[in-house]
>>> print(open('upload_21.txt').read())   # compact mmCIF, N, CA and C atoms
# COMPACT_ATOMS: atom_id res chain seq x y z
N MET A 1 40.58 -61.95 -12.14
CA MET A 1 41.17 -60.77 -11.58
C MET A 1 42.57 -61.04 -11.05
N LEU A 2 42.78 -62.22 -10.51
CA LEU A 2 44.08 -62.58 -9.96
C LEU A 2 45.17 -62.55 -11.04
N ALA A 3 44.85 -63.07 -12.21
CA ALA A 3 45.82 -63.05 -13.31
C ALA A 3 46.18 -61.62 -13.69
N TYR A 4 45.21 -60.73 -13.65
CA TYR A 4 45.46 -59.33 -13.94
C TYR A 4 46.38 -58.72 -12.89
N LEU A 5 46.09 -58.96 -11.62
CA LEU A 5 46.91 -58.41 -10.54
C LEU A 5 48.35 -58.88 -10.62
N LYS A 6 48.54 -60.12 -11.02
CA LYS A 6 49.89 -60.67 -11.09
C LYS A 6 50.72 -60.04 -12.21
N GLN A 7 50.07 -59.36 -13.13
CA GLN A 7 50.77 -58.69 -14.22
C GLN A 7 51.29 -57.31 -13.80
N ILE A 8 50.85 -56.80 -12.67
CA ILE A 8 51.24 -55.47 -12.22
C ILE A 8 52.52 -55.59 -11.39
N PRO A 9 53.61 -54.99 -11.84
CA PRO A 9 54.83 -55.02 -11.02
C PRO A 9 54.59 -54.28 -9.70
N PHE A 10 55.22 -54.77 -8.64
CA PHE A 10 55.02 -54.17 -7.32
C PHE A 10 55.42 -52.69 -7.32
N SER A 11 56.44 -52.34 -8.06
CA SER A 11 56.86 -50.93 -8.11
C SER A 11 55.77 -50.06 -8.73
N ASN A 12 55.06 -50.58 -9.72
CA ASN A 12 53.95 -49.84 -10.33
C ASN A 12 52.80 -49.69 -9.33
N LEU A 13 52.54 -50.74 -8.60
CA LEU A 13 51.48 -50.72 -7.60
C LEU A 13 51.78 -49.64 -6.55
N GLU A 14 53.01 -49.62 -6.08
CA GLU A 14 53.42 -48.61 -5.10
C GLU A 14 53.35 -47.21 -5.69
N GLY A 15 53.77 -47.06 -6.94
CA GLY A 15 53.73 -45.76 -7.59
C GLY A 15 52.32 -45.25 -7.77
N TYR A 16 51.40 -46.13 -8.13
CA TYR A 16 50.02 -45.72 -8.34
C TYR A 16 49.39 -45.22 -7.06
N PHE A 17 49.60 -45.96 -5.99
CA PHE A 17 48.94 -45.62 -4.73
C PHE A 17 49.76 -44.66 -3.86
N LYS A 18 50.89 -44.21 -4.38
CA LYS A 18 51.69 -43.25 -3.63
C LYS A 18 50.91 -41.95 -3.42
N ASN A 19 50.13 -41.58 -4.41
CA ASN A 19 49.35 -40.34 -4.34
C ASN A 19 47.85 -40.60 -4.39
N ALA A 20 47.45 -41.81 -4.17
CA ALA A 20 46.02 -42.16 -4.19
C ALA A 20 45.73 -43.10 -3.03
N GLU A 21 44.58 -42.95 -2.47
CA GLU A 21 44.19 -43.81 -1.36
C GLU A 21 43.56 -45.11 -1.86
N VAL A 22 43.70 -46.14 -1.07
CA VAL A 22 43.03 -47.41 -1.34
C VAL A 22 41.70 -47.35 -0.58
N SER A 23 40.61 -47.44 -1.30
CA SER A 23 39.30 -47.42 -0.63
C SER A 23 39.08 -48.75 0.10
N VAL A 24 38.22 -48.72 1.09
CA VAL A 24 37.90 -49.95 1.82
C VAL A 24 37.27 -50.97 0.88
N GLU A 25 36.47 -50.49 -0.06
CA GLU A 25 35.83 -51.40 -1.02
C GLU A 25 36.88 -52.10 -1.88
N LEU A 26 37.87 -51.35 -2.35
CA LEU A 26 38.94 -51.93 -3.15
C LEU A 26 39.75 -52.91 -2.31
N LEU A 27 40.08 -52.52 -1.09
CA LEU A 27 40.84 -53.41 -0.20
C LEU A 27 40.09 -54.72 -0.01
N GLY A 28 38.79 -54.64 0.25
CA GLY A 28 38.00 -55.85 0.45
C GLY A 28 38.01 -56.75 -0.76
N GLY A 29 37.86 -56.17 -1.94
CA GLY A 29 37.89 -56.98 -3.17
C GLY A 29 39.24 -57.62 -3.38
N LEU A 30 40.30 -56.87 -3.12
CA LEU A 30 41.65 -57.42 -3.27
C LEU A 30 41.89 -58.56 -2.28
N LEU A 31 41.46 -58.37 -1.05
CA LEU A 31 41.63 -59.41 -0.05
C LEU A 31 40.87 -60.68 -0.42
N ASP A 32 39.65 -60.51 -0.95
CA ASP A 32 38.88 -61.68 -1.41
C ASP A 32 39.68 -62.48 -2.44
N VAL A 33 40.27 -61.78 -3.38
CA VAL A 33 41.04 -62.44 -4.43
C VAL A 33 42.32 -63.05 -3.87
N LEU A 34 42.99 -62.34 -2.98
CA LEU A 34 44.26 -62.83 -2.45
C LEU A 34 44.10 -64.08 -1.61
N THR A 35 42.93 -64.30 -1.02
CA THR A 35 42.72 -65.53 -0.25
C THR A 35 42.74 -66.77 -1.14
N LEU A 36 42.54 -66.57 -2.44
CA LEU A 36 42.51 -67.69 -3.39
C LEU A 36 43.89 -68.05 -3.92
N GLU A 37 44.88 -67.19 -3.72
CA GLU A 37 46.20 -67.38 -4.30
C GLU A 37 47.04 -68.33 -3.44
N ALA A 38 47.65 -69.30 -4.11
CA ALA A 38 48.50 -70.28 -3.42
C ALA A 38 49.93 -69.79 -3.26
N GLU A 39 50.38 -68.91 -4.11
CA GLU A 39 51.76 -68.41 -4.08
C GLU A 39 51.88 -67.32 -3.00
N GLN A 40 52.16 -67.76 -1.79
CA GLN A 40 52.11 -66.88 -0.64
C GLN A 40 53.22 -65.82 -0.61
N VAL A 41 54.35 -66.09 -1.20
CA VAL A 41 55.41 -65.08 -1.27
C VAL A 41 54.92 -63.90 -2.11
N TRP A 42 54.25 -64.18 -3.21
CA TRP A 42 53.69 -63.12 -4.05
C TRP A 42 52.64 -62.33 -3.26
N VAL A 43 51.78 -63.04 -2.54
CA VAL A 43 50.74 -62.37 -1.74
C VAL A 43 51.38 -61.45 -0.71
N GLY A 44 52.42 -61.93 -0.04
CA GLY A 44 53.12 -61.11 0.94
C GLY A 44 53.70 -59.86 0.32
N ASN A 45 54.35 -60.00 -0.82
CA ASN A 45 54.91 -58.83 -1.52
C ASN A 45 53.81 -57.87 -1.96
N PHE A 46 52.71 -58.40 -2.43
CA PHE A 46 51.60 -57.55 -2.87
C PHE A 46 51.06 -56.74 -1.69
N LEU A 47 50.84 -57.40 -0.56
CA LEU A 47 50.28 -56.70 0.59
C LEU A 47 51.24 -55.65 1.14
N VAL A 48 52.53 -55.94 1.14
CA VAL A 48 53.51 -54.96 1.60
C VAL A 48 53.49 -53.74 0.68
N SER A 49 53.46 -53.98 -0.61
CA SER A 49 53.43 -52.86 -1.57
C SER A 49 52.14 -52.05 -1.42
N LEU A 50 51.02 -52.71 -1.26
CA LEU A 50 49.74 -52.03 -1.13
C LEU A 50 49.70 -51.16 0.13
N ALA A 51 50.33 -51.63 1.19
CA ALA A 51 50.31 -50.90 2.46
C ALA A 51 51.09 -49.59 2.39
N LYS A 52 51.85 -49.39 1.33
CA LYS A 52 52.60 -48.15 1.16
C LYS A 52 51.75 -47.04 0.56
N ALA A 53 50.48 -47.32 0.35
CA ALA A 53 49.56 -46.34 -0.23
C ALA A 53 49.39 -45.15 0.70
N GLN A 54 49.05 -44.04 0.09
CA GLN A 54 48.79 -42.81 0.85
C GLN A 54 47.64 -43.05 1.83
N ASN A 55 47.83 -42.66 3.07
CA ASN A 55 46.80 -42.76 4.11
C ASN A 55 46.26 -44.17 4.29
N PHE A 56 47.11 -45.17 4.12
CA PHE A 56 46.65 -46.55 4.24
C PHE A 56 46.12 -46.84 5.64
N ASP A 57 46.71 -46.21 6.64
CA ASP A 57 46.23 -46.39 8.00
C ASP A 57 44.78 -45.93 8.14
N MET A 58 44.41 -44.91 7.38
CA MET A 58 43.03 -44.43 7.39
C MET A 58 42.10 -45.47 6.77
N THR A 59 42.54 -46.10 5.70
CA THR A 59 41.76 -47.17 5.08
C THR A 59 41.48 -48.27 6.10
N LEU A 60 42.52 -48.65 6.83
CA LEU A 60 42.37 -49.72 7.82
C LEU A 60 41.42 -49.32 8.96
N MET A 61 41.40 -48.04 9.28
CA MET A 61 40.50 -47.58 10.33
C MET A 61 39.03 -47.80 9.95
N PHE A 62 38.73 -47.73 8.66
CA PHE A 62 37.36 -47.90 8.20
C PHE A 62 37.05 -49.34 7.77
N ALA A 63 38.05 -50.21 7.86
CA ALA A 63 37.83 -51.61 7.50
C ALA A 63 36.83 -52.23 8.46
N GLU A 64 36.01 -53.08 7.92
CA GLU A 64 34.99 -53.74 8.73
C GLU A 64 35.47 -55.13 9.13
N ASP A 65 34.64 -55.83 9.88
CA ASP A 65 35.02 -57.14 10.39
C ASP A 65 35.39 -58.11 9.27
N LYS A 66 34.70 -58.02 8.14
CA LYS A 66 35.00 -58.93 7.02
C LYS A 66 36.44 -58.75 6.55
N GLU A 67 36.84 -57.50 6.33
CA GLU A 67 38.20 -57.23 5.86
C GLU A 67 39.23 -57.65 6.91
N LYS A 68 38.94 -57.37 8.17
CA LYS A 68 39.86 -57.74 9.25
C LYS A 68 40.01 -59.25 9.33
N SER A 69 38.91 -59.96 9.13
CA SER A 69 38.94 -61.42 9.14
C SER A 69 39.77 -61.96 7.97
N LEU A 70 39.59 -61.37 6.79
CA LEU A 70 40.37 -61.79 5.62
C LEU A 70 41.86 -61.53 5.82
N ILE A 71 42.19 -60.41 6.43
CA ILE A 71 43.60 -60.11 6.71
C ILE A 71 44.19 -61.18 7.62
N LYS A 72 43.48 -61.54 8.68
CA LYS A 72 43.96 -62.58 9.60
C LYS A 72 44.12 -63.91 8.88
N GLU A 73 43.17 -64.24 8.02
CA GLU A 73 43.22 -65.49 7.26
C GLU A 73 44.45 -65.53 6.35
N ILE A 74 44.71 -64.42 5.68
CA ILE A 74 45.86 -64.35 4.77
C ILE A 74 47.16 -64.40 5.56
N VAL A 75 47.25 -63.64 6.64
CA VAL A 75 48.48 -63.60 7.44
C VAL A 75 48.81 -64.99 7.97
N ALA A 76 47.81 -65.75 8.34
CA ALA A 76 48.02 -67.10 8.88
C ALA A 76 48.68 -68.03 7.85
N LYS A 77 48.50 -67.75 6.57
CA LYS A 77 49.07 -68.59 5.51
C LYS A 77 50.41 -68.09 5.00
N LEU A 78 50.80 -66.88 5.37
CA LEU A 78 52.02 -66.29 4.83
C LEU A 78 53.27 -66.93 5.42
N PRO A 79 54.35 -66.97 4.63
CA PRO A 79 55.63 -67.43 5.16
C PRO A 79 56.10 -66.49 6.27
N THR A 80 56.90 -67.00 7.16
CA THR A 80 57.38 -66.24 8.32
C THR A 80 57.96 -64.89 7.95
N GLU A 81 58.72 -64.82 6.85
CA GLU A 81 59.37 -63.56 6.49
C GLU A 81 58.39 -62.45 6.15
N PHE A 82 57.14 -62.80 5.86
CA PHE A 82 56.12 -61.80 5.55
C PHE A 82 55.08 -61.66 6.65
N ALA A 83 54.79 -62.73 7.36
CA ALA A 83 53.68 -62.73 8.31
C ALA A 83 53.78 -61.60 9.33
N GLY A 84 54.92 -61.45 9.96
CA GLY A 84 55.08 -60.41 10.98
C GLY A 84 54.96 -59.02 10.40
N LYS A 85 55.60 -58.82 9.26
CA LYS A 85 55.59 -57.50 8.62
C LYS A 85 54.18 -57.11 8.18
N VAL A 86 53.49 -58.03 7.52
CA VAL A 86 52.13 -57.76 7.06
C VAL A 86 51.20 -57.55 8.25
N LYS A 87 51.34 -58.38 9.27
CA LYS A 87 50.50 -58.22 10.45
C LYS A 87 50.69 -56.84 11.06
N GLN A 88 51.93 -56.38 11.14
CA GLN A 88 52.19 -55.06 11.70
C GLN A 88 51.63 -53.96 10.79
N MET A 89 51.82 -54.07 9.48
CA MET A 89 51.35 -53.04 8.54
C MET A 89 49.83 -52.99 8.47
N TYR A 90 49.17 -54.11 8.72
CA TYR A 90 47.72 -54.19 8.56
C TYR A 90 46.99 -54.24 9.91
N SER A 91 47.68 -53.95 10.98
CA SER A 91 47.00 -53.95 12.28
C SER A 91 46.15 -52.68 12.41
N THR A 92 45.02 -52.82 13.02
CA THR A 92 44.12 -51.68 13.15
C THR A 92 43.94 -51.30 14.60
>>> encode(input="upload_21.txt", output="structure tokens")
Amino acid sequence: MLAYLKQIPFSNLEGYFKNAEVSVELLGGLLDVLTLEAEQVWVGNFLVSLAKAQNFDMTLMFAEDKEKSLIKEIVAKLPTEFAGKVKQMYST
């Protein structure tokens, strides 16, 4: 799945979710996959683009402890230029 995600340009990702919500189930699956990725700059860009989805704050409101834990785990590995931004965008 990770190889597939890496083929999607960030602009396409933003365009797709501009008028569609990210479900909590989809977010959880994506976070599971992103924890495996070593290229943290790519992960940071992916998460920033995903957070631009319609009603993303609503998705985060329904996130469970597992998703929140994965977000913290990912943020801890991100380079400084992304960590603060992603933490702010993904705070619940």
>>> residues_around(input="upload_21.txt", residues="Ile8 (chain A)", least_positions_apart="6", cutoff="12 Å", atoms="only C-alpha atoms", output="number ranges by chain")
A: 1-2, 14-16, 42, 45-46, 49-50
>>> write_last_selection(input="upload_21.txt", atoms="N, CA and C atoms", output="mmCIF file, in the frame of the given file")
data_model
loop_
_atom_site.group_PDB
_atom_site.id
_atom_site.type_symbol
_atom_site.label_atom_id
_atom_site.label_comp_id
_atom_site.auth_asym_id
_atom_site.auth_seq_id
_atom_site.Cartn_x
_atom_site.Cartn_y
_atom_site.Cartn_z
ATOM 1 N N MET A 1 40.580 -61.950 -12.140
ATOM 2 C CA MET A 1 41.170 -60.770 -11.580
ATOM 3 C C MET A 1 42.570 -61.040 -11.050
ATOM 4 N N LEU A 2 42.780 -62.220 -10.510
ATOM 5 C CA LEU A 2 44.080 -62.580 -9.960
ATOM 6 C C LEU A 2 45.170 -62.550 -11.040
ATOM 7 N N GLU A 14 53.010 -49.620 -6.080
ATOM 8 C CA GLU A 14 53.420 -48.610 -5.100
ATOM 9 C C GLU A 14 53.350 -47.210 -5.690
ATOM 10 N N GLY A 15 53.770 -47.060 -6.940
ATOM 11 C CA GLY A 15 53.730 -45.760 -7.590
ATOM 12 C C GLY A 15 52.320 -45.250 -7.770
ATOM 13 N N TYR A 16 51.400 -46.130 -8.130
ATOM 14 C CA TYR A 16 50.020 -45.720 -8.340
ATOM 15 C C TYR A 16 49.390 -45.220 -7.060
ATOM 16 N N TRP A 42 54.250 -64.180 -3.210
ATOM 17 C CA TRP A 42 53.690 -63.120 -4.050
ATOM 18 C C TRP A 42 52.640 -62.330 -3.260
ATOM 19 N N ASN A 45 54.350 -60.000 -0.820
ATOM 20 C CA ASN A 45 54.910 -58.830 -1.520
ATOM 21 C C ASN A 45 53.810 -57.870 -1.960
ATOM 22 N N PHE A 46 52.710 -58.400 -2.430
ATOM 23 C CA PHE A 46 51.600 -57.550 -2.870
ATOM 24 C C PHE A 46 51.060 -56.740 -1.690
ATOM 25 N N SER A 49 53.460 -53.980 -0.610
ATOM 26 C CA SER A 49 53.430 -52.860 -1.570
ATOM 27 C C SER A 49 52.140 -52.050 -1.420
ATOM 28 N N LEU A 50 51.020 -52.710 -1.260
ATOM 29 C CA LEU A 50 49.740 -52.030 -1.130
ATOM 30 C C LEU A 50 49.700 -51.160 0.130
#
>>> atom_distance(input="upload_21.txt", atom1="CA of Ala3 (chain A)", atom2="CA of Ala63 (chain A)")
25.1 Å
>>> closest_residue(input="upload_21.txt", among="A:Leu31, A:Val41, A:Leu13, A:Leu47", to="Lys85 (chain A)", atoms="all atoms listed in the file")
A:Leu47
>>> closest_residue(input="upload_21.txt", among="A:Ser11, A:Val48, A:Lys18, A:Lys87", to="Lys72 (chain A)", atoms="all atoms listed in the file")
A:Lys87
>>> closest_residue(input="upload_21.txt", among="A:Gln7, A:Glu67, A:Ala51, A:Glu39", to="Leu27 (chain A)", atoms="only N, CA and C atoms")
A:Glu67
>>> residues_around(input="upload_21.txt", residues="Val24 (chain A)", least_positions_apart="5", cutoff="7 Å", atoms="only N, CA and C atoms", output="NGL selection string")
:A and (29 or 59-60 or 62-63)
>>> residues_near_point(input="upload_21.txt", point="(50.0, -43.3, -1.0)", cutoff="6 Å", atoms="only C-alpha atoms", output="short mmCIF file (atom, residue, chain, number, x, y, z; two decimals) with N, CA and C atoms, in the frame of the given file")
data_model
loop_
_atom_site.label_atom_id
_atom_site.label_comp_id
_atom_site.auth_asym_id
_atom_site.auth_seq_id
_atom_site.Cartn_x
_atom_site.Cartn_y
_atom_site.Cartn_z
N PHE A 17 49.60 -45.96 -5.99
CA PHE A 17 48.94 -45.62 -4.73
C PHE A 17 49.76 -44.66 -3.86
N LYS A 18 50.89 -44.21 -4.38
CA LYS A 18 51.69 -43.25 -3.63
C LYS A 18 50.91 -41.95 -3.42
N ASN A 19 50.13 -41.58 -4.41
CA ASN A 19 49.35 -40.34 -4.34
C ASN A 19 47.85 -40.60 -4.39
N ALA A 20 47.45 -41.81 -4.17
CA ALA A 20 46.02 -42.16 -4.19
C ALA A 20 45.73 -43.10 -3.03
N GLU A 21 44.58 -42.95 -2.47
CA GLU A 21 44.19 -43.81 -1.36
C GLU A 21 43.56 -45.11 -1.86
N LYS A 52 51.85 -49.39 1.33
CA LYS A 52 52.60 -48.15 1.16
C LYS A 52 51.75 -47.04 0.56
N ALA A 53 50.48 -47.32 0.35
CA ALA A 53 49.56 -46.34 -0.23
C ALA A 53 49.39 -45.15 0.70
N GLN A 54 49.05 -44.04 0.09
CA GLN A 54 48.79 -42.81 0.85
C GLN A 54 47.64 -43.05 1.83
#
>>> closest_residue(input="upload_21.txt", among="A:Tyr4, A:Gln40, A:Val33, A:Phe10", to="Lys77 (chain A)", atoms="all atoms listed in the file")
A:Gln40
>>> select_by_dssp(input="upload_21.txt", residues="chain A", states="alpha helix (DSSP H)", output="ChimeraX atom specification")
/A:2-6,10-17,24-34,40-50,56-61,65-77,80-89
>>> closest_residue(input="upload_21.txt", among="A:Asn55, A:Asp65, A:Gly44, A:Thr35", to="Val86 (chain A)", atoms="only C-alpha atoms")
A:Gly44
